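Novice: My structure is stored as data_33.cif, with mmCIF, C-alpha atoms.
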data_coords
#
loop_
_atom_site.label_atom_id
_atom_site.label_comp_id
_atom_site.auth_asym_id
_atom_site.auth_seq_id
_atom_site.Cartn_x
_atom_site.Cartn_y
_atom_site.Cartn_z
CA MET A 21 83.53 98.30 116.75
CA ILE A 22 86.98 99.59 117.70
CA ARG A 23 87.14 103.32 118.48
CA MET A 24 90.33 105.06 117.37
CA ILE A 25 92.03 108.43 117.93
CA MET A 26 94.35 109.66 115.17
CA HIS A 27 97.25 111.69 116.55
CA GLY A 28 98.51 113.80 113.65
CA CYS A 29 95.25 113.46 111.74
CA ASN A 30 95.88 116.24 109.20
CA GLY A 31 99.34 115.14 108.08
CA LYS A 32 99.76 113.08 104.91
CA MET A 33 99.83 109.80 106.78
CA GLY A 34 97.06 110.90 109.12
CA GLN A 35 94.75 111.67 106.21
CA THR A 36 95.65 108.45 104.43
CA ILE A 37 94.78 106.50 107.57
CA SER A 38 91.59 108.52 108.11
CA ASN A 39 90.38 107.70 104.60
CA MET A 40 91.25 104.03 105.04
CA VAL A 41 89.45 103.76 108.38
CA ALA A 42 86.35 105.38 106.88
CA GLU A 43 85.99 102.32 104.63
CA ASP A 44 86.77 99.72 107.31
CA PRO A 45 83.70 98.29 109.10
CA GLU A 46 85.76 97.04 112.05
CA ILE A 47 87.19 100.38 113.23
CA ARG A 48 85.89 103.93 113.58
CA LEU A 49 87.77 107.21 113.97
CA VAL A 50 86.21 109.07 116.90
CA ALA A 51 88.69 111.96 117.29
CA GLY A 52 91.82 113.50 115.86
CA VAL A 53 94.64 115.67 117.18
CA ASP A 54 96.57 118.17 115.08
CA ILE A 55 97.99 121.68 115.37
CA GLN A 56 96.17 122.64 112.15
CA ASP A 57 92.54 122.00 111.25
CA ASP A 58 90.30 123.44 108.57
CA GLY A 59 87.16 121.71 109.82
CA HIS A 60 86.88 119.21 106.97
CA ASN A 61 87.21 116.09 109.12
CA PRO A 62 83.99 114.24 110.07
CA TYR A 63 85.25 113.84 113.65
CA PRO A 64 86.27 116.35 116.34
CA VAL A 65 89.86 117.58 116.12
CA PHE A 66 91.80 118.83 119.15
CA TYR A 67 94.79 121.15 119.02
CA ASP A 68 96.61 119.30 121.80
CA ILE A 69 96.38 115.71 123.00
CA SER A 70 95.76 116.89 126.57
CA GLU A 71 92.49 118.50 125.39
CA CYS A 72 91.08 115.28 123.94
CA ASP A 73 88.36 113.89 126.21
CA VAL A 74 86.85 111.38 123.74
CA GLU A 75 86.67 107.76 124.86
CA ALA A 76 88.58 105.37 122.61
CA ASP A 77 90.03 101.87 122.44
CA VAL A 78 93.32 102.67 120.68
CA LEU A 79 95.40 105.62 119.48
CA ILE A 80 97.57 105.73 116.35
CA ASP A 81 100.38 108.28 116.22
CA PHE A 82 102.10 109.67 113.13
CA THR A 83 103.65 112.96 114.30
CA THR A 84 107.08 114.12 115.45
CA ALA A 85 109.43 112.96 118.16
CA SER A 86 109.05 116.24 120.06
CA VAL A 87 105.52 115.34 121.25
CA VAL A 88 106.01 111.65 122.00
CA ASP A 89 106.67 112.08 125.74
CA LYS A 90 103.46 114.04 126.23
CA LEU A 91 101.56 111.51 124.15
CA LEU A 92 102.81 108.56 126.20
CA ASP A 93 101.87 110.29 129.46
CA TYR A 94 98.37 110.89 128.09
CA CYS A 95 97.92 107.28 127.01
CA VAL A 96 99.17 105.97 130.35
CA SER A 97 96.81 108.28 132.25
CA ARG A 98 93.84 107.00 130.23
CA LYS A 99 95.02 103.37 129.95
CA LEU A 100 94.84 103.78 126.19
CA PRO A 101 96.80 101.39 123.91
CA CYS A 102 99.12 103.27 121.56
CA VAL A 103 100.44 102.43 118.09
CA LEU A 104 103.58 104.57 117.92
CA CYS A 105 104.59 105.16 114.29
CA THR A 106 106.75 108.24 114.90
CA THR A 107 110.46 107.57 114.31
CA GLY A 108 113.69 109.31 115.32
CA LEU A 109 113.26 108.84 119.08
CA ASN A 110 116.29 109.41 121.29
CA ARG A 111 117.50 107.01 123.98
CA GLN A 112 115.57 108.80 126.72
CA GLN A 113 112.35 108.60 124.72
CA LEU A 114 112.89 104.92 123.96
CA ASP A 115 113.27 104.37 127.71
CA HIS A 116 109.98 106.26 128.17
CA VAL A 117 108.33 103.91 125.66
CA GLU A 118 109.52 100.88 127.63
CA LYS A 119 108.34 102.37 130.91
CA ALA A 120 104.92 103.20 129.45
CA SER A 121 104.61 99.65 128.14
CA GLU A 122 104.64 98.42 131.73
CA GLU A 123 101.21 100.04 132.17
CA ILE A 124 99.66 100.03 128.68
CA ALA A 125 100.00 98.18 125.38
CA VAL A 126 102.46 100.01 123.10
CA LEU A 127 103.25 98.89 119.57
CA LYS A 128 106.37 100.34 117.99
CA SER A 129 107.99 99.25 114.74
CA ALA A 130 110.74 100.56 112.44
CA ASN A 131 108.39 100.11 109.48
CA MET A 132 104.61 99.69 109.51
CA SER A 133 104.40 97.87 106.16
CA MET A 134 102.95 94.38 106.46
CA GLY A 135 105.19 93.29 103.58
CA ILE A 136 108.38 94.57 105.16
CA ASN A 137 107.56 92.85 108.43
CA LEU A 138 106.86 89.60 106.64
CA LEU A 139 110.22 90.06 104.88
CA LEU A 140 111.93 90.48 108.27
CA LYS A 141 110.52 87.11 109.27
CA MET A 142 111.58 85.44 106.01
CA LEU A 143 115.12 86.80 106.29
CA LYS A 144 115.60 85.05 109.62
CA ASP A 145 114.90 81.71 107.95
CA ALA A 146 117.17 82.57 105.03
CA ALA A 147 119.99 83.67 107.32
CA ASN A 148 119.86 80.40 109.26
CA VAL A 149 120.44 78.45 106.04
CA LEU A 150 122.58 80.72 103.86
CA ALA A 151 124.86 82.51 106.32
CA PRO A 152 126.51 79.32 107.64
CA ALA A 153 126.97 78.26 104.01
CA GLY A 154 129.15 81.32 103.42
CA TYR A 155 126.83 83.45 101.29
CA ASP A 156 127.78 87.14 101.14
CA ILE A 157 125.02 89.50 102.25
CA GLU A 158 124.31 92.90 100.72
CA ILE A 159 121.41 95.32 101.20
CA LEU A 160 120.41 98.02 98.72
CA GLU A 161 117.77 100.65 99.53
CA ARG A 162 116.30 103.36 97.31
CA HIS A 163 114.27 106.39 98.40
CA HIS A 164 113.13 109.80 97.12
CA ASN A 165 115.50 112.74 96.86
CA LEU A 166 114.02 114.50 99.91
CA LYS A 167 114.91 111.78 102.41
CA LEU A 168 117.49 113.09 104.87
CA ASP A 169 118.88 109.97 106.54
CA ALA A 170 120.89 107.17 104.96
CA PRO A 171 120.79 104.27 105.19
CA SER A 172 117.08 104.00 105.91
CA GLY A 173 115.85 102.74 109.25
CA THR A 174 114.22 99.88 107.40
CA ALA A 175 117.52 98.84 105.78
CA LEU A 176 119.10 98.73 109.22
CA ALA A 177 116.15 96.72 110.56
CA LEU A 178 116.64 94.20 107.73
CA ALA A 179 120.34 93.94 108.55
CA ASP A 180 119.57 93.56 112.26
CA SER A 181 117.06 90.81 111.53
CA ILE A 182 119.77 88.81 109.77
CA ASN A 183 122.51 89.64 112.25
CA GLN A 184 120.46 88.65 115.28
CA GLU A 185 119.99 85.19 113.79
CA CYS A 186 123.77 84.95 113.38
CA ASP A 187 124.68 85.83 116.98
CA ASN A 188 125.55 89.39 115.85
CA ALA A 189 128.66 88.12 114.11
CA TYR A 190 128.42 90.65 111.27
CA THR A 191 129.59 94.26 111.04
CA TYR A 192 127.92 96.78 108.73
CA VAL A 193 129.84 98.47 105.92
CA TYR A 194 128.31 101.59 104.34
CA ASP A 195 131.12 102.76 102.04
CA ARG A 196 133.95 100.86 100.36
CA SER A 197 135.35 103.77 98.34
CA GLN A 198 138.34 104.24 100.65
CA ARG A 199 139.09 100.54 101.04
CA ARG A 200 141.41 98.46 98.87
CA GLU A 201 140.93 95.05 100.34
CA LYS A 202 139.05 91.84 99.85
CA ARG A 203 135.49 91.69 101.15
CA ASN A 204 135.27 90.39 104.70
CA LYS A 205 133.02 87.35 105.03
CA LYS A 206 131.54 88.73 108.25
CA GLU A 207 130.22 92.01 106.86
CA ILE A 208 126.86 93.15 105.55
CA GLY A 209 127.17 95.84 102.92
CA ILE A 210 124.41 98.49 103.00
CA SER A 211 124.05 100.92 100.07
CA ALA A 212 121.67 103.86 99.64
CA VAL A 213 120.24 105.47 96.50
CA ARG A 214 118.40 108.82 96.56
CA GLY A 215 116.44 110.09 93.59
CA GLY A 216 113.12 111.25 92.20
CA THR A 217 109.97 110.27 94.03
CA ILE A 218 110.83 106.69 94.98
CA VAL A 219 108.63 105.87 97.98
CA GLY A 220 110.81 103.03 99.19
CA GLU A 221 112.57 100.01 97.72
CA HIS A 222 114.66 97.47 99.63
CA GLU A 223 116.65 94.56 98.25
CA VAL A 224 118.52 91.93 100.25
CA ILE A 225 121.04 89.84 98.32
CA PHE A 226 122.55 86.54 99.41
CA ALA A 227 125.39 85.89 96.94
CA GLY A 228 127.02 82.48 96.93
CA GLN A 229 129.12 80.39 94.57
CA ASP A 230 127.34 80.51 91.20
CA GLU A 231 124.05 81.38 92.89
CA VAL A 232 122.25 84.54 94.03
CA ILE A 233 119.07 84.65 96.12
CA THR A 234 117.34 88.04 96.26
CA PHE A 235 114.54 89.27 98.51
CA SER A 236 112.93 92.55 97.51
CA HIS A 237 110.12 94.86 98.59
CA SER A 238 108.76 97.93 96.80
CA ALA A 239 106.35 100.48 98.24
CA TYR A 240 104.46 102.44 95.59
CA SER A 241 102.60 104.76 97.97
CA LYS A 242 102.37 105.60 101.65
CA ALA A 243 99.15 103.59 101.77
CA VAL A 244 101.16 100.45 102.58
CA PHE A 245 102.30 102.04 105.84
CA ALA A 246 98.77 103.27 106.60
CA LYS A 247 97.38 99.77 106.04
CA GLY A 248 99.89 98.32 108.48
CA ALA A 249 99.11 101.00 111.07
CA VAL A 250 95.38 100.30 110.87
CA GLN A 251 95.97 96.54 111.20
CA ALA A 252 98.20 97.27 114.19
CA GLY A 253 95.48 99.41 115.76
CA LYS A 254 92.90 96.66 115.41
CA PHE A 255 95.37 94.15 116.84
CA LEU A 256 96.38 96.29 119.83
CA ALA A 257 92.91 97.30 121.05
CA GLY A 258 92.15 95.35 124.21
CA LYS A 259 95.66 93.91 124.56
CA PRO A 260 97.33 93.79 128.00
CA ALA A 261 100.25 96.05 128.89
CA GLY A 262 103.45 95.24 127.06
CA LEU A 263 105.77 96.27 124.25
CA TYR A 264 104.63 94.94 120.87
CA ASP A 265 105.87 95.26 117.28
CA MET A 266 104.58 94.36 113.84
CA SER A 267 105.79 90.78 114.18
CA HIS A 268 102.96 90.25 116.66
CA VAL A 269 100.48 91.53 114.08
CA ILE A 270 101.58 89.28 111.23
CA ASN A 271 101.96 86.23 113.49
CA GLN A 272 98.58 86.51 115.24
#
Rewrite the structure from the file as structure tokens, please.
Specialist:
Amino acid sequence: MIRMIMHGCNGKMGQTISNMVAEDPEIRLVAGVDIQDDGHNPYPVFYDISECDVEADVLIDFTTASVVDKLLDYCVSRKLPCVLCTTGLNRQQLDHVEKASEEIAVLKSANMSMGINLLLKMLKDAANVLAPAGYDIEILERHHNLKLDAPSGTALALADSINQECDNAYTYVYDRSQRREKRNKKEIGISAVRGGTIVGEHEVIFAGQDEVITFSHSAYSKAVFAKGAVQAGKFLAGKPAGLYDMSHVINQ
């Protein structure tokens, strides 16, 4: 059985993952790390990652960017594979991730949802067929009214997935309100909606002459991201050093 440490175990995602792991016969949570703990977890919880001395096969992180450097140093020192779900890393931290991956297995992805990562794969195939045929490409994303950034990192990842298949020939357009001109064929429009409690919805539109092909994904709870993180943890345990992402998980 795979032994797992949950870094950020008492956050919303940490608790969702903890509950999911408790029902999974292939993986067991042996320790958690969090700055707050009320003693309700059935595993030991450490205030700081440096205090954790429990042997494990993989660590899953859902915390904040401010602790990522310390976390990576810990994982490298213990040769512990790390599923890094924390977002918002700066360039220096991303360099640290790449350096750490030379010594341990690190999995980092813009979105942990299995569905989104399958969609990323499907969009590459669609782009290879529809982009050369002149189809216009638009992306619409919807999230809850508390989300600070726009467009979402996932929307950008979807655009990047398409653009990379097209030799990065497209530019991204986020606002057309100040423009009075015909749509450029080499642009991808990205629009954001914020409202209510929408967990996350993404729609990719390929609009051609008298035909529209739409790819869409809706997340109804954070459990979809937890499920992907757990699958990533099971995948990464025992893997050699290297930088992985969710495409490796869905293509295994």
Novice: Would you compute the distance between CA of Asp58 (chain A) and CA of Ala257 (chain A)? Give it in Å to one decimal.
Specialist: 29.1 Å
Novice: For the file shown, what are the residues hit by the PyMOL selection byres ((chain A and resi 220) around 12), laid out as a PyMOL selection string?
Specialist: chain A and resi 131+133+136+160-167+171-175+212-219+221-223+236-245
Novice: Starting from the displayed file, determine the output of the PyMOL selection byres ((chain A and resi 225) around 10) and express the residue list as an NGL selection string.
Specialist: :A and (155-160 or 208-209 or 223-224 or 226-228 or 232-236)
Novice: Store the residues of this selection in a file with C-alpha atoms, as a tab-separated table (two decimals), in the frame of the given file.
Specialist:
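Dumped everything to selection-v5.tsv:
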chain	number	residue	atom	x	y	z
A	155	TYR	CA	126.83	83.45	101.29
A	156	ASP	CA	127.78	87.14	101.14
A	157	ILE	CA	125.02	89.50	102.25
A	158	GLU	CA	124.31	92.90	100.72
A	159	ILE	CA	121.41	95.32	101.20
A	160	LEU	CA	120.41	98.02	98.72
A	208	ILE	CA	126.86	93.15	105.55
A	209	GLY	CA	127.17	95.84	102.92
A	223	GLU	CA	116.65	94.56	98.25
A	224	VAL	CA	118.52	91.93	100.25
A	226	PHE	CA	122.55	86.54	99.41
A	227	ALA	CA	125.39	85.89	96.94
A	228	GLY	CA	127.02	82.48	96.93
A	232	VAL	CA	122.25	84.54	94.03
A	233	ILE	CA	119.07	84.65	96.12
A	234	THR	CA	117.34	88.04	96.26
A	235	PHE	CA	114.54	89.27	98.51
A	236	SER	CA	112.93	92.55	97.51
Novice: Which is closer to His116 (chain A) than all the others in A:Val88, A:Ala130, A:Val53, A:Met40, using all atoms listed in the file?
Specialist: A:Val88
Novice: I need every residue sitting at most 9 Å from the point (104.6, 92.7, 130.1) (coordinates as in the file, all atoms listed in the file considered), written as a list in words.
Specialist: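 It turns out the residues near that spot are Ser121, Glu122, Glu123, Ile124, Ala125, Pro260, Ala261, Gly262 and Leu263 of chain A.
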Novice: How would you write as a list in words the residues that get within 10 Å of (95.2, 116.7, 104.2) in the file's frame, counting only C-alpha atoms?
Specialist: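 Final list of nearby residues, as requested, is Cys29, Asn30, Gly31, Lys32, Met33, Gly34, Gln35, Thr36, Ser38, Gln56, Asp57, Asp58, His60 and Asn61 of chain A.
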Novice: For Gln251 (chain A), work out the shell of residues within 10 Å, counting all atoms listed in the file and skipping chain neighbours fewer than 6 positions away, then give it as a PyMOL selection string.
Specialist: chain A and resi 47+132-134+245+266+269-270
Novice: Just checking: using only C-alpha atoms, which residue out of A:Ala179, A:Ala189, A:Met142, A:Ala42 ends up closest to Asn204 (chain A)?
Specialist: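 Checking each of A:Ala179, A:Ala189, A:Met142, A:Ala42 against Asn204 (chain A), counting only C-alpha atoms, the winner is A:Ala189.
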Novice: Please determine, counting all atoms listed in the file, which residue among A:Asn39, A:Asn188, A:Ser267, A:Gln198 has the shortest atom-to-atom distance to Lys128 (chain A).
Specialist: A:Ser267
Novice: Convert the output of the PyMOL selection byres ((chain A and resi 146) around 10) on the shown file into explicit residues, formatted as a compact mmCIF listing (two decimals) with C-alpha atoms, in the frame of the given file.
Specialist:
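expr32.txt was written with the following content:
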# COMPACT_ATOMS: atom_id res chain seq x y z
CA LYS A 141 110.52 87.11 109.27
CA MET A 142 111.58 85.44 106.01
CA LEU A 143 115.12 86.80 106.29
CA LYS A 144 115.60 85.05 109.62
CA ASP A 145 114.90 81.71 107.95
CA ALA A 147 119.99 83.67 107.32
CA ASN A 148 119.86 80.40 109.26
CA VAL A 149 120.44 78.45 106.04
CA LEU A 150 122.58 80.72 103.86
CA ALA A 151 124.86 82.51 106.32
CA ILE A 182 119.77 88.81 109.77
CA GLU A 185 119.99 85.19 113.79
CA PHE A 226 122.55 86.54 99.41
CA ILE A 233 119.07 84.65 96.12
CA PHE A 235 114.54 89.27 98.51
Novice: State, in Å with one decimal place, the distance from CA of Leu256 (chain A) to CA of Pro101 (chain A).
Specialist: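 So the two atoms, CA of Leu256 (chain A) and CA of Pro101 (chain A), lie 6.5 Å apart.
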Novice: Between A:Thr83, A:Tyr63, A:Gly253, A:Tyr264, which is the closest to Val117 (chain A) once you count all atoms listed in the file?
Specialist: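 Selected residue with least distance to Val117 (chain A): A:Tyr264.
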Novice: Calculated over all atoms listed in the file, which of the candidates A:Val250, A:Val126, A:Tyr192, A:Thr84 has the smallest distance to Met26 (chain A)?
Specialist: A:Val250
